[in-house]
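Step one of this worksheet: look at the structure below.
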Amino acid sequence: MKTPANVCLVILFSLFWSVSVAQSLELTDSSGRLVEIQSVINKKPISVFVFYSPDCPLCQSYSSTLSKLSEELGNYSIAYTVVFSHLYSKDEILKFYEDYHFSWSYYIDKNYLFAKYVKAQVTPEAVVFYKNKIAYQGAVNNKMEKLSHKRTVVTKHYLHQALLELKNGKKPSLPKTEAVGCFLEY
């Protein structure tokens, strides 16, 4: 029976559960240790996570773009992190890093718990945290209009713009865009 008291209990339970899930989410770091996601988010004022897949052609093509982005904006106030699913071994990830000269730190998302929490849908998809909240989520840029249509000239640099605005103490003018890429299979 749906009484006001029962409805309140359900709402309170859902709020408590969503907060506790966020606090207990863990990723596996490059040495195999479990790390609470909150500690990764709290490393720097701005934390960038990009969901990645070594066998996704789009991820392969974005590696140099992301490396240049971190070189240009620096890492004083921004933590740059790649998130791989548990489907890839450490050897596959290291080979990807070697082949594409990628330098960001990486974590493995066992059972897609972090991806589900932030509702990431594709690789590559960027999620930027600022002050423990998602400030930007979506595409790196507009290189891919659709999966079958790649632009010859990139005209919008969504992630770069969001990070620059955050570094300058402003909210991202475009907090959400649609990422196009290889679907996360969860």
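Just remember, in the structure tokens the first chain shown is A, the second B, etc., residues are 1-based per chain, and ligands are 1-based in the order shown.
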Practice prompt. Find the residues near range 120-131 of chain A: any atom within 7 Å, counting only C-alpha atoms, skip ones fewer than 4 places away on the same chain, and give them as JSON, numbers by chain.
Written response: {"A": [41, 45, 46, 47, 48, 49, 50, 51, 52, 53, 58, 59, 115, 116, 135, 136, 137, 138, 139, 140, 179, 180, 181, 182, 183, 184]}
Discussion item. For the helix (DSSP H, G or I) assignment from backbone DSSP, which residues of chain A qualify? Please present them as a ChimeraX atom specification.
Written reply: /A:4-24,37-41,57-73,90-100,110-118,158-167
Worksheet item: Taking only C-alpha atoms into account, which of A:Thr28, A:Ile78, A:Asn142, A:Ile37 comes nearest Val118 in chain A?
Response: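 Once distances to Val118 in chain A are computed over only C-alpha atoms, the minimum belongs to A:Ile37.
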Worksheet item: Could you write out, as a ChimeraX atom specification, all the residues of range 25-159 of chain A that DSSP marks as strand (DSSP E)?
Response: /A:26-29,34-36,46-52,78-85,105-109,122-123,125-130,133-138,144-146,149-150
Worksheet entry | Nearest residue to Gln38 in chain A from the set A:Ile134, A:Leu163, A:Tyr186, A:Ser24 (distances using only C-alpha atoms) |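 Smallest distance to Gln38 in chain A is found for A:Ser24.
Compared by their closest atoms to Ser103 in chain A, and using only C-alpha atoms, the residues A:Glu71, A:Glu26, A:Glu145, A:Glu36 rank with A:Glu71 nearest.
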Worksheet item: Got a sec: who's within 10 Å of Ser61 in chain A, counting only C-alpha atoms, leaving out chain neighbours fewer than 4 positions off, as a PyMOL selection string?
Response: chain A and resi 56-57+65-66+100+124
